[in-house]
Every structure is written in structure tokens, then in C-alpha cells.
Amino acid sequence: MHRIHFVALLLLPFATPAVAHEVTMNDGTVYEGKVLSKDDNEVIIETTFHGKKVLPRADVKSINTSVPPLMDQLKFRANEAKDVKARWDLYKWAKKKGFKKELRFILEGIVDLKPNDKRAHKLLGHVKHDGKWMTPEEVEAYEKQKFEEAQRAKGLVQYKGEWVTQEEKDAREKGLKKDGDEWVTEEEYHRRRGEQKINGKWVKVGFKEGKELAGKAARESRVNLKYEWSAHFDAMSEVSPELTKRILTAAEKAYGVMRKALQPQGDDYPENIEERIKLCIFTKVPGYARFAKWFDKTYKVDELVPGWARAIQRQHSWWWVQDLRATGCYQFPNTNKTFVSNVLHNVGLIMITRYKANYTEPSVWLREGFSYYVELQALGYSQSFTLGRGGGTGAGAAGTKGAVWMDSGKWRGELKKLVAAGQDPPLRRIARMSMDQFRYVELVKAWSVVEFLIRWDRKKFKQFVDISKDRSKKEEEGLRTAYKGGYRDIDKKWRAYVSNGFKL
């Protein structure tokens, strides 16, 4: 490439007619170049640096023909410059005489003879890239090609200026949007974010209603509540904005766990304003108690559950599904981590209870086991200890301290020990227990059985829960229909699952 450029310098076009090479004007201006024509009226000269000039003959003082035009001199010198030193001398001479664009040809001629001449390359504006001298444009083209080859090697293709997988290209061409690992329609994408299209715009479902309710609750309960919206939850919060958002984020993850486990269809769990869950979260007892009184009065809870208002004063939290889906919980003296876990457990209880609304509530073991499953899937831990009167820090299996069961990171190991020793409580007995009869070991086994059933087959788990929540059916009938076995059969398979390191 450089050789061609230097040869082009030797072939630069020059005007043919000429004898004069310098034209001096009366005002002292000197034009250097090649005279194309002259007569009594004008002199036309093709200057070296300023193009063609038409000069009135009366203004011309003299015409000098003794010095060859600079272009001719440049051509002659270039033809004689056979080595690197001669071409550097040519460069210095041409620069001194005022040549500019021709300097590039000379430098490229130097590089043609000496490819690694650092000075010539730098004067040309070249940079050394990957061991080669290149122009900035060549570097850009080189890197672009290199990048494109790397992207194609990854199996990517170009789509609207982006490198994407073929799957993504096909999905986007169909108008689908990415949501986590799934490609969904625009409607499904917004639905999952609690939005509906109204008058051509996507709006937050329940935002207006939730904010109004929070304002009313704050005024009438005399608790300083701040409202925060998320796709499926309304937070009426007395705690910090940071903690509120942390709870809402965890709640949305829990909602996703529920949908993945139960795969609700149609009216199984409708996504509307009525099914949005209210998270009523407080710092300490005073705000929690005042709000509870307001809630009781507003929704007439005591009429459905006599003594409710007094009973919850002795509890850290409550949950409710009639008329309004809501949970109330106060933090002190728990850590943020424990507080989030407590709220999330109640969210799980509400979701499994409201699933297939207007049907019977699930049994205690299924309800609690599912809620613990939701916690562990959404948070990776559980610090909720939902024990009735039969529980306590010392409650557990024979020879087992209750404190062992208070660390969800140890649950699998402890269950494996119990199964190996034949000391785990039978599922048939757990299924007949009331809340106040549960100990830690029953709660943890309930969680593990739910996890086992879901991992075994999600569709079968949905079928089991669907049947279990039908008033006309018994829970064990649901197990037999979905999993082809009753409590004892499930126990046998679950114990094998546990003994195999919780692997199917």
C-alpha cells in the first residue's frame, strides 16, 4: 500500500505548457508554479499551493524562468530518493518548502522501505496495535472484526445493532420481552409487574387505592405510616424506607415462588386489586397495637373471631384474609433479617390460604410447610418459629434440644439424623395436629415434605393442593390421586429422599 502511494507522488499531474516559473507582482507578491499561458492582457499560472491564478498583465512586474517549479523539483527529487536516508532528506526539503499533503506520500515511501520506522509511523499518526503499525481507522476496523468473530464464536448474531442469541433474536422478532430466564408477551411482562393497560398506557394496579387506604389508616389509627407500592403488595410502613423496600422485594420473590409451585390458572389466584396483600409493618408495639384496633374496628374482625383484638396484643404478628388480605408485624427487638423472615412467612400463609379462594383452608402442616418453603426459596433462610402452646425453645424430638431447630441451615442434617434413627414423626400424625400441638420437628418435617412433593412433580403438587382445598374432598384423597399413595406411602418415599441426601 505504501509503495503505491509513493509512486503516486512521482505521477502527480503537471501542466504542460510552460517556460515561466515565478511571477512577481508590482506589489511584491510572488506566485510560484507553472505558467499556463501569457499575453498582453493576462498571465495564467498554476501555482504549487494556491491553485490557478489569472493575473492582469499590467500588474505583473516580472516573469522568472530560471528556477524549475517546486512540483517539478519535488518529482525529480522523489525519483532520485532510492533509500531511507534520501527519502528523509526529501521529507525535510518538502516540509521546508511548504508542502503538506505530499509529505504523507514521502513518509509512506519511507515505511515502504523500512516497515518498522517508528518516527515515520508516528508522523503518519499510526499506532502499534497487536504488534502491527496501523492507522486509527485500521485499529478500529481490526478490533471490530476481532470482536465480531468472538461474538459469532459464542453463537451470537446481530439484531438491531446488538449481539444476541438466536433464541433472543427470534423472540424479539415476535415482540416478546425477557423476564428473568423467560421470554413472554408484553402483556405478560407487565402483568407480572402489577400493571394493566388503560387507555393505551401501562398503569400500576391498585396504586391509587393502596395509597388512599394507607392515608386513611394513618389518620384514623394515629400511626405515622408511609405507603410503598410493588407489583402485588401494598406496604403501610412505620419502619425505614430501606427496610420497607427490602421487605417488598422479598415479598415479590415469595409471590414468584408461589406461582412457580402452584402454577395458578385463571381464578386460582387472580391478579387484581382485591387480591393485593397489605403489609402493615411497625417498629414497636404501640404503633402495632393502635393499628390493630383500627383494623379490628374497620373490618369487624372480632365479630368473626371473638377475642382477636386482645389476642394479637400478645403476638408479634397476625394475618388476615377476609375482605382484605393483610398481615401486621412489629420488629422490636428482632434484627432486620428476622423481621423480613417473619413478614414473609405470613405472606406465604396468606397466599396458600387465598389460593382457590372460597374453598376450605389447607391443613396446618400444608399451610405451615408451604410458608416455610416460600421463605427458604425466596430468602435462602428462615427465622420464623410459628409454634403454638406445645412449642418452645426446649421442644423437639427425644434427646434433641429445640435450639438446633432454630437454625434453618441445620434442618436438613437434623432431619437426616432423625430418619436414620427412626424418630421422625409420621406424616399421618402431623396431618391431624392442630397448631398448638406442633413442635419444631413437626414444622420442619412439614416444610421438607412440601419441598419434596414440589421437587417430585410440580403439576402433581398443584393437583394435590387443588383437591385438598375442595370442601368435598379429604387431603389424603388428594395425595392418592396426585401421587398414587397416601400418608404412609409419601412418608416412605420422603424418608428415602432424605436418606439419599435430599436427592430424588
# chains A, B, ... in the order shown; residues from 1 in each chain; ligands from 1

call {"tool": "residues_around", "arguments": {"residues": "region 309-317 of chain A", "least_positions_apart": "6", "cutoff": "8 Å", "atoms": "only C-alpha atoms", "output": "VMD selection string"}}
result
chain A and resid 289 292 to 293 296 301 to 302 327 to 331 342

call {"tool": "write_last_selection", "arguments": {"atoms": "C-alpha atoms", "output": "mmCIF file, in the first residue's frame"}}
result
data_model
loop_
_atom_site.group_PDB
_atom_site.id
_atom_site.type_symbol
_atom_site.label_atom_id
_atom_site.label_comp_id
_atom_site.auth_asym_id
_atom_site.auth_seq_id
_atom_site.Cartn_x
_atom_site.Cartn_y
_atom_site.Cartn_z
ATOM 1 C CA ALA A 289 -51.424 -2.067 68.776
ATOM 2 C CA ALA A 292 -54.670 -3.424 65.172
ATOM 3 C CA LYS A 293 -57.505 -1.655 66.999
ATOM 4 C CA ASP A 296 -60.489 -4.610 64.105
ATOM 5 C CA VAL A 301 -62.670 -8.803 62.888
ATOM 6 C CA ASP A 302 -63.906 -9.529 66.435
ATOM 7 C CA THR A 327 -50.546 -9.044 57.693
ATOM 8 C CA GLY A 328 -49.371 -6.928 60.617
ATOM 9 C CA CYS A 329 -45.967 -7.323 62.224
ATOM 10 C CA TYR A 330 -43.699 -5.272 64.504
ATOM 11 C CA GLN A 331 -39.917 -5.511 64.620
ATOM 12 C CA ASN A 342 -41.443 -13.120 59.927
#

call {"tool": "closest_residue", "arguments": {"among": "A:Lys503, A:Phe76, A:Ile273, A:Phe464", "to": "Gly485 (chain A)", "atoms": "only C-alpha atoms"}}
result
A:Phe464

call {"tool": "select_by_dssp", "arguments": {"residues": "region 68-284 of chain A", "states": "strand (DSSP E)", "output": "PyMOL selection string"}}
result
chain A and resi 127-129+132-134+156-159+162-165+177-179+182-184+195-198+201-204+226-229+233-237+277-282

call {"tool": "closest_atom_pairs", "arguments": {"of": "region 115-219 of chain A", "to": "region 227-233 of chain A", "cutoff": "10 Å", "atoms": "only C-alpha atoms", "output": "JSON lines"}}
result
{"residue": "A:His190", "atom": "CA", "partner": "A:Ala231", "partner_atom": "CA", "distance": 9.3}
{"residue": "A:Arg191", "atom": "CA", "partner": "A:Ala231", "partner_atom": "CA", "distance": 8.4}
{"residue": "A:Arg192", "atom": "CA", "partner": "A:Ala231", "partner_atom": "CA", "distance": 7.0}
{"residue": "A:Arg193", "atom": "CA", "partner": "A:Ala231", "partner_atom": "CA", "distance": 4.7}
{"residue": "A:Gly194", "atom": "CA", "partner": "A:Ala231", "partner_atom": "CA", "distance": 3.9}
{"residue": "A:Glu195", "atom": "CA", "partner": "A:Ala231", "partner_atom": "CA", "distance": 7.3}
{"residue": "A:Lys204", "atom": "CA", "partner": "A:Ala231", "partner_atom": "CA", "distance": 7.5}
{"residue": "A:Val205", "atom": "CA", "partner": "A:Ala231", "partner_atom": "CA", "distance": 7.6}
{"residue": "A:Gly206", "atom": "CA", "partner": "A:Trp229", "partner_atom": "CA", "distance": 8.4}
{"residue": "A:Phe207", "atom": "CA", "partner": "A:Trp229", "partner_atom": "CA", "distance": 6.3}
{"residue": "A:Lys208", "atom": "CA", "partner": "A:Trp229", "partner_atom": "CA", "distance": 9.6}
{"residue": "A:Gly210", "atom": "CA", "partner": "A:Trp229", "partner_atom": "CA", "distance": 7.7}
{"residue": "A:Lys211", "atom": "CA", "partner": "A:Tyr227", "partner_atom": "CA", "distance": 6.0}
{"residue": "A:Glu212", "atom": "CA", "partner": "A:Tyr227", "partner_atom": "CA", "distance": 9.1}
{"residue": "A:Leu213", "atom": "CA", "partner": "A:Tyr227", "partner_atom": "CA", "distance": 9.1}
{"residue": "A:Ala214", "atom": "CA", "partner": "A:Tyr227", "partner_atom": "CA", "distance": 6.0}
{"residue": "A:Gly215", "atom": "CA", "partner": "A:Tyr227", "partner_atom": "CA", "distance": 7.9}
{"residue": "A:Ala218", "atom": "CA", "partner": "A:Tyr227", "partner_atom": "CA", "distance": 9.7}

call {"tool": "write_last_selection", "arguments": {"atoms": "C-alpha atoms", "output": "PDB file, in the first residue's frame"}}
result
ATOM      1  CA  HIS A 190     -46.412  -6.040  32.538  1.00  0.00           C
ATOM      2  CA  ARG A 191     -48.857  -8.346  34.302  1.00  0.00           C
ATOM      3  CA  ARG A 192     -46.000  -9.766  36.334  1.00  0.00           C
ATOM      4  CA  ARG A 193     -45.140  -6.229  37.353  1.00  0.00           C
ATOM      5  CA  GLY A 194     -48.625  -5.474  38.573  1.00  0.00           C
ATOM      6  CA  GLU A 195     -49.532  -3.299  35.594  1.00  0.00           C
ATOM      7  CA  LYS A 204     -49.839   0.361  38.406  1.00  0.00           C
ATOM      8  CA  VAL A 205     -52.728  -1.780  39.583  1.00  0.00           C
ATOM      9  CA  GLY A 206     -54.031  -0.691  42.972  1.00  0.00           C
ATOM     10  CA  PHE A 207     -51.609   2.200  43.455  1.00  0.00           C
ATOM     11  CA  LYS A 208     -54.319   4.847  43.876  1.00  0.00           C
ATOM     12  CA  GLY A 210     -53.497   1.476  48.200  1.00  0.00           C
ATOM     13  CA  LYS A 211     -52.255   4.990  48.801  1.00  0.00           C
ATOM     14  CA  GLU A 212     -55.728   6.165  49.822  1.00  0.00           C
ATOM     15  CA  LEU A 213     -56.147   3.262  52.260  1.00  0.00           C
ATOM     16  CA  ALA A 214     -52.713   3.906  53.786  1.00  0.00           C
ATOM     17  CA  GLY A 215     -53.594   7.576  54.268  1.00  0.00           C
ATOM     18  CA  ALA A 218     -52.548   6.557  59.215  1.00  0.00           C
TER      19      ALA A 218
END

call {"tool": "residues_around", "arguments": {"residues": "Glu477 (chain A)", "least_positions_apart": "4", "cutoff": "10 Å", "atoms": "only C-alpha atoms", "output": "number ranges by chain"}}
result
A: 464, 467-468, 473, 481-487

call {"tool": "closest_atom_pairs", "arguments": {"of": "region 266-340 of chain A", "to": "region 354-377 of chain A", "cutoff": "8 Å", "atoms": "only C-alpha atoms", "output": "JSON lines"}}
result
{"residue": "A:Asp267", "atom": "CA", "partner": "A:Lys356", "partner_atom": "CA", "distance": 7.0}
{"residue": "A:Asp268", "atom": "CA", "partner": "A:Lys356", "partner_atom": "CA", "distance": 4.5}
{"residue": "A:Tyr269", "atom": "CA", "partner": "A:Tyr355", "partner_atom": "CA", "distance": 5.4}
{"residue": "A:Val321", "atom": "CA", "partner": "A:Arg354", "partner_atom": "CA", "distance": 7.0}

call {"tool": "write_last_selection", "arguments": {"atoms": "C-alpha atoms", "output": "short mmCIF file (atom, residue, chain, number, x, y, z; two decimals), in the first residue's frame"}}
result
data_model
loop_
_atom_site.label_atom_id
_atom_site.label_comp_id
_atom_site.auth_asym_id
_atom_site.auth_seq_id
_atom_site.Cartn_x
_atom_site.Cartn_y
_atom_site.Cartn_z
CA ASP A 267 -59.32 -17.73 39.05
CA ASP A 268 -56.96 -19.95 41.07
CA TYR A 269 -55.21 -16.79 42.18
CA VAL A 321 -57.74 -13.00 54.53
#

call {"tool": "residues_around", "arguments": {"residues": "Thr47 (chain A)", "least_positions_apart": "5", "cutoff": "12 Å", "atoms": "only C-alpha atoms", "output": "list in words"}}
result
Phe14, Ala15, Ala20, His21, Glu22, Val23, Val30, Tyr31, Glu32, Gly33, Lys34, Val35, Leu36, Lys52, Lys53, Val54, Leu55, Pro69, Leu70, Met71 and Asp72 of chain A

call {"tool": "write_last_selection", "arguments": {"atoms": "N, CA and C atoms", "output": "compact mmCIF listing (two decimals), in the first residue's frame"}}
result
# COMPACT_ATOMS: atom_id res chain seq x y z
N PHE A 14 1.09 17.46 -13.89
CA PHE A 14 1.62 18.83 -14.01
C PHE A 14 1.13 19.41 -15.34
N ALA A 15 0.98 20.73 -15.34
CA ALA A 15 0.57 21.40 -16.59
C ALA A 15 1.69 21.31 -17.62
N ALA A 20 7.78 29.99 -17.81
CA ALA A 20 7.94 30.79 -16.60
C ALA A 20 7.56 29.98 -15.37
N HIS A 21 8.26 30.27 -14.27
CA HIS A 21 8.02 29.51 -13.03
C HIS A 21 7.79 30.39 -11.82
N GLU A 22 8.13 31.68 -11.94
CA GLU A 22 7.85 32.63 -10.88
C GLU A 22 7.29 33.91 -11.50
N VAL A 23 6.18 34.37 -10.96
CA VAL A 23 5.59 35.63 -11.42
C VAL A 23 5.58 36.59 -10.24
N VAL A 30 4.79 37.22 -4.90
CA VAL A 30 5.42 36.28 -5.82
C VAL A 30 4.56 35.03 -5.90
N TYR A 31 4.20 34.66 -7.16
CA TYR A 31 3.47 33.43 -7.38
C TYR A 31 4.40 32.39 -7.98
N GLU A 32 4.51 31.23 -7.34
CA GLU A 32 5.42 30.18 -7.81
C GLU A 32 4.58 29.05 -8.40
N GLY A 33 5.03 28.50 -9.51
CA GLY A 33 4.30 27.39 -10.11
C GLY A 33 4.66 27.23 -11.57
N LYS A 34 3.62 27.05 -12.38
CA LYS A 34 3.85 26.83 -13.79
C LYS A 34 2.88 27.72 -14.59
N VAL A 35 3.46 28.55 -15.46
CA VAL A 35 2.61 29.43 -16.26
C VAL A 35 1.94 28.60 -17.34
N LEU A 36 0.65 28.76 -17.43
CA LEU A 36 -0.12 28.02 -18.43
C LEU A 36 -0.23 28.81 -19.74
N LYS A 52 -5.02 27.73 -9.48
CA LYS A 52 -4.85 28.55 -10.68
C LYS A 52 -5.13 30.03 -10.37
N LYS A 53 -4.27 30.89 -10.91
CA LYS A 53 -4.42 32.33 -10.75
C LYS A 53 -4.44 32.99 -12.12
N VAL A 54 -5.34 33.93 -12.32
CA VAL A 54 -5.39 34.75 -13.54
C VAL A 54 -4.97 36.18 -13.15
N LEU A 55 -3.80 36.59 -13.64
CA LEU A 55 -3.20 37.85 -13.21
C LEU A 55 -3.24 38.88 -14.35
N PRO A 69 9.75 24.77 -11.42
CA PRO A 69 8.65 24.79 -10.44
C PRO A 69 8.90 23.80 -9.31
N LEU A 70 8.39 24.13 -8.13
CA LEU A 70 8.60 23.27 -6.96
C LEU A 70 8.04 21.86 -7.20
N MET A 71 6.92 21.79 -7.90
CA MET A 71 6.34 20.47 -8.17
C MET A 71 7.28 19.62 -9.02
N ASP A 72 7.90 20.29 -10.00
CA ASP A 72 8.86 19.57 -10.83
C ASP A 72 10.06 19.14 -10.01

call {"tool": "closest_residue", "arguments": {"among": "A:Val498, A:Ala235, A:Leu90, A:Val203", "to": "Phe452 (chain A)", "atoms": "only C-alpha atoms"}}
result
A:Val498

call {"tool": "closest_residue", "arguments": {"among": "A:Cys280, A:Tyr440, A:Gly200, A:Glu451", "to": "Val404 (chain A)", "atoms": "only C-alpha atoms"}}
result
A:Tyr440

call {"tool": "decode", "arguments": {"residues": "region 272-356 of chain A", "atoms": "C-alpha atoms", "output": "CSV table (one decimal), in the first residue's frame"}}
result
chain,number,residue,atom,x,y,z
A,272,ASN,CA,-56.5,-7.9,40.8
A,273,ILE,CA,-56.8,-5.1,43.4
A,274,GLU,CA,-58.8,-7.4,45.8
A,275,GLU,CA,-56.0,-10.0,46.0
A,276,ARG,CA,-53.2,-7.5,46.6
A,277,ILE,CA,-51.7,-8.1,50.1
A,278,LYS,CA,-51.3,-5.3,52.5
A,279,LEU,CA,-48.0,-5.4,54.5
A,280,CYS,CA,-48.7,-3.5,57.7
A,281,ILE,CA,-45.2,-3.2,59.3
A,282,PHE,CA,-44.3,-1.4,62.5
A,283,THR,CA,-41.3,-0.6,64.6
A,284,LYS,CA,-42.6,-1.3,68.1
A,285,VAL,CA,-45.7,-2.4,70.0
A,286,PRO,CA,-47.5,1.0,70.3
A,287,GLY,CA,-48.0,1.6,66.6
A,288,TYR,CA,-48.7,-2.1,66.0
A,289,ALA,CA,-51.4,-2.1,68.8
A,290,ARG,CA,-53.1,1.2,67.7
A,291,PHE,CA,-53.3,-0.1,64.1
A,292,ALA,CA,-54.7,-3.4,65.2
A,293,LYS,CA,-57.5,-1.7,67.0
A,294,TRP,CA,-58.3,0.4,63.9
A,295,PHE,CA,-58.2,-2.8,61.7
A,296,ASP,CA,-60.5,-4.6,64.1
A,297,LYS,CA,-63.0,-1.7,64.1
A,298,THR,CA,-62.8,-1.1,60.4
A,299,TYR,CA,-63.2,-4.7,59.2
A,300,LYS,CA,-65.2,-6.1,62.2
A,301,VAL,CA,-62.7,-8.8,62.9
A,302,ASP,CA,-63.9,-9.5,66.4
A,303,GLU,CA,-67.3,-10.5,65.1
A,304,LEU,CA,-65.7,-13.3,63.0
A,305,VAL,CA,-63.0,-14.2,65.6
A,306,PRO,CA,-64.1,-13.2,69.1
A,307,GLY,CA,-61.2,-12.0,71.2
A,308,TRP,CA,-59.0,-11.4,68.2
A,309,ALA,CA,-58.1,-7.8,69.2
A,310,ARG,CA,-57.0,-8.8,72.6
A,311,ALA,CA,-55.1,-12.0,71.4
A,312,ILE,CA,-52.9,-10.3,68.9
A,313,GLN,CA,-51.6,-7.9,71.5
A,314,ARG,CA,-49.6,-10.9,72.9
A,315,GLN,CA,-48.3,-11.8,69.4
A,316,HIS,CA,-45.6,-10.3,67.2
A,317,SER,CA,-47.7,-10.6,64.1
A,318,TRP,CA,-51.1,-11.5,62.6
A,319,TRP,CA,-52.5,-12.3,59.2
A,320,TRP,CA,-56.0,-11.9,57.8
A,321,VAL,CA,-57.7,-13.0,54.5
A,322,GLN,CA,-61.4,-12.0,54.9
A,323,ASP,CA,-62.4,-8.8,53.0
A,324,LEU,CA,-58.8,-7.7,53.0
A,325,ARG,CA,-55.6,-9.7,52.6
A,326,ALA,CA,-53.3,-8.3,55.2
A,327,THR,CA,-50.5,-9.0,57.7
A,328,GLY,CA,-49.4,-6.9,60.6
A,329,CYS,CA,-46.0,-7.3,62.2
A,330,TYR,CA,-43.7,-5.3,64.5
A,331,GLN,CA,-39.9,-5.5,64.6
A,332,PHE,CA,-38.6,-4.7,68.1
A,333,PRO,CA,-36.4,-6.4,69.3
A,334,ASN,CA,-35.7,-8.5,66.3
A,335,THR,CA,-33.0,-7.9,63.7
A,336,ASN,CA,-33.9,-6.8,60.1
A,337,LYS,CA,-33.1,-10.3,58.9
A,338,THR,CA,-35.6,-11.9,61.4
A,339,PHE,CA,-38.2,-9.3,60.7
A,340,VAL,CA,-38.1,-9.9,57.0
A,341,SER,CA,-38.5,-13.6,57.6
A,342,ASN,CA,-41.4,-13.1,59.9
A,343,VAL,CA,-43.3,-10.9,57.4
A,344,LEU,CA,-42.6,-13.3,54.6
A,345,HIS,CA,-43.9,-16.3,56.5
A,346,ASN,CA,-47.2,-14.6,56.9
A,347,VAL,CA,-47.2,-13.7,53.2
A,348,GLY,CA,-46.8,-17.4,52.5
A,349,LEU,CA,-49.7,-18.3,54.8
A,350,ILE,CA,-52.0,-15.7,53.1
A,351,MET,CA,-51.1,-16.9,49.6
A,352,ILE,CA,-51.7,-20.6,50.3
A,353,THR,CA,-54.9,-19.8,52.1
A,354,ARG,CA,-56.2,-17.5,49.3
A,355,TYR,CA,-55.2,-19.9,46.6
A,356,LYS,CA,-58.5,-21.2,45.1
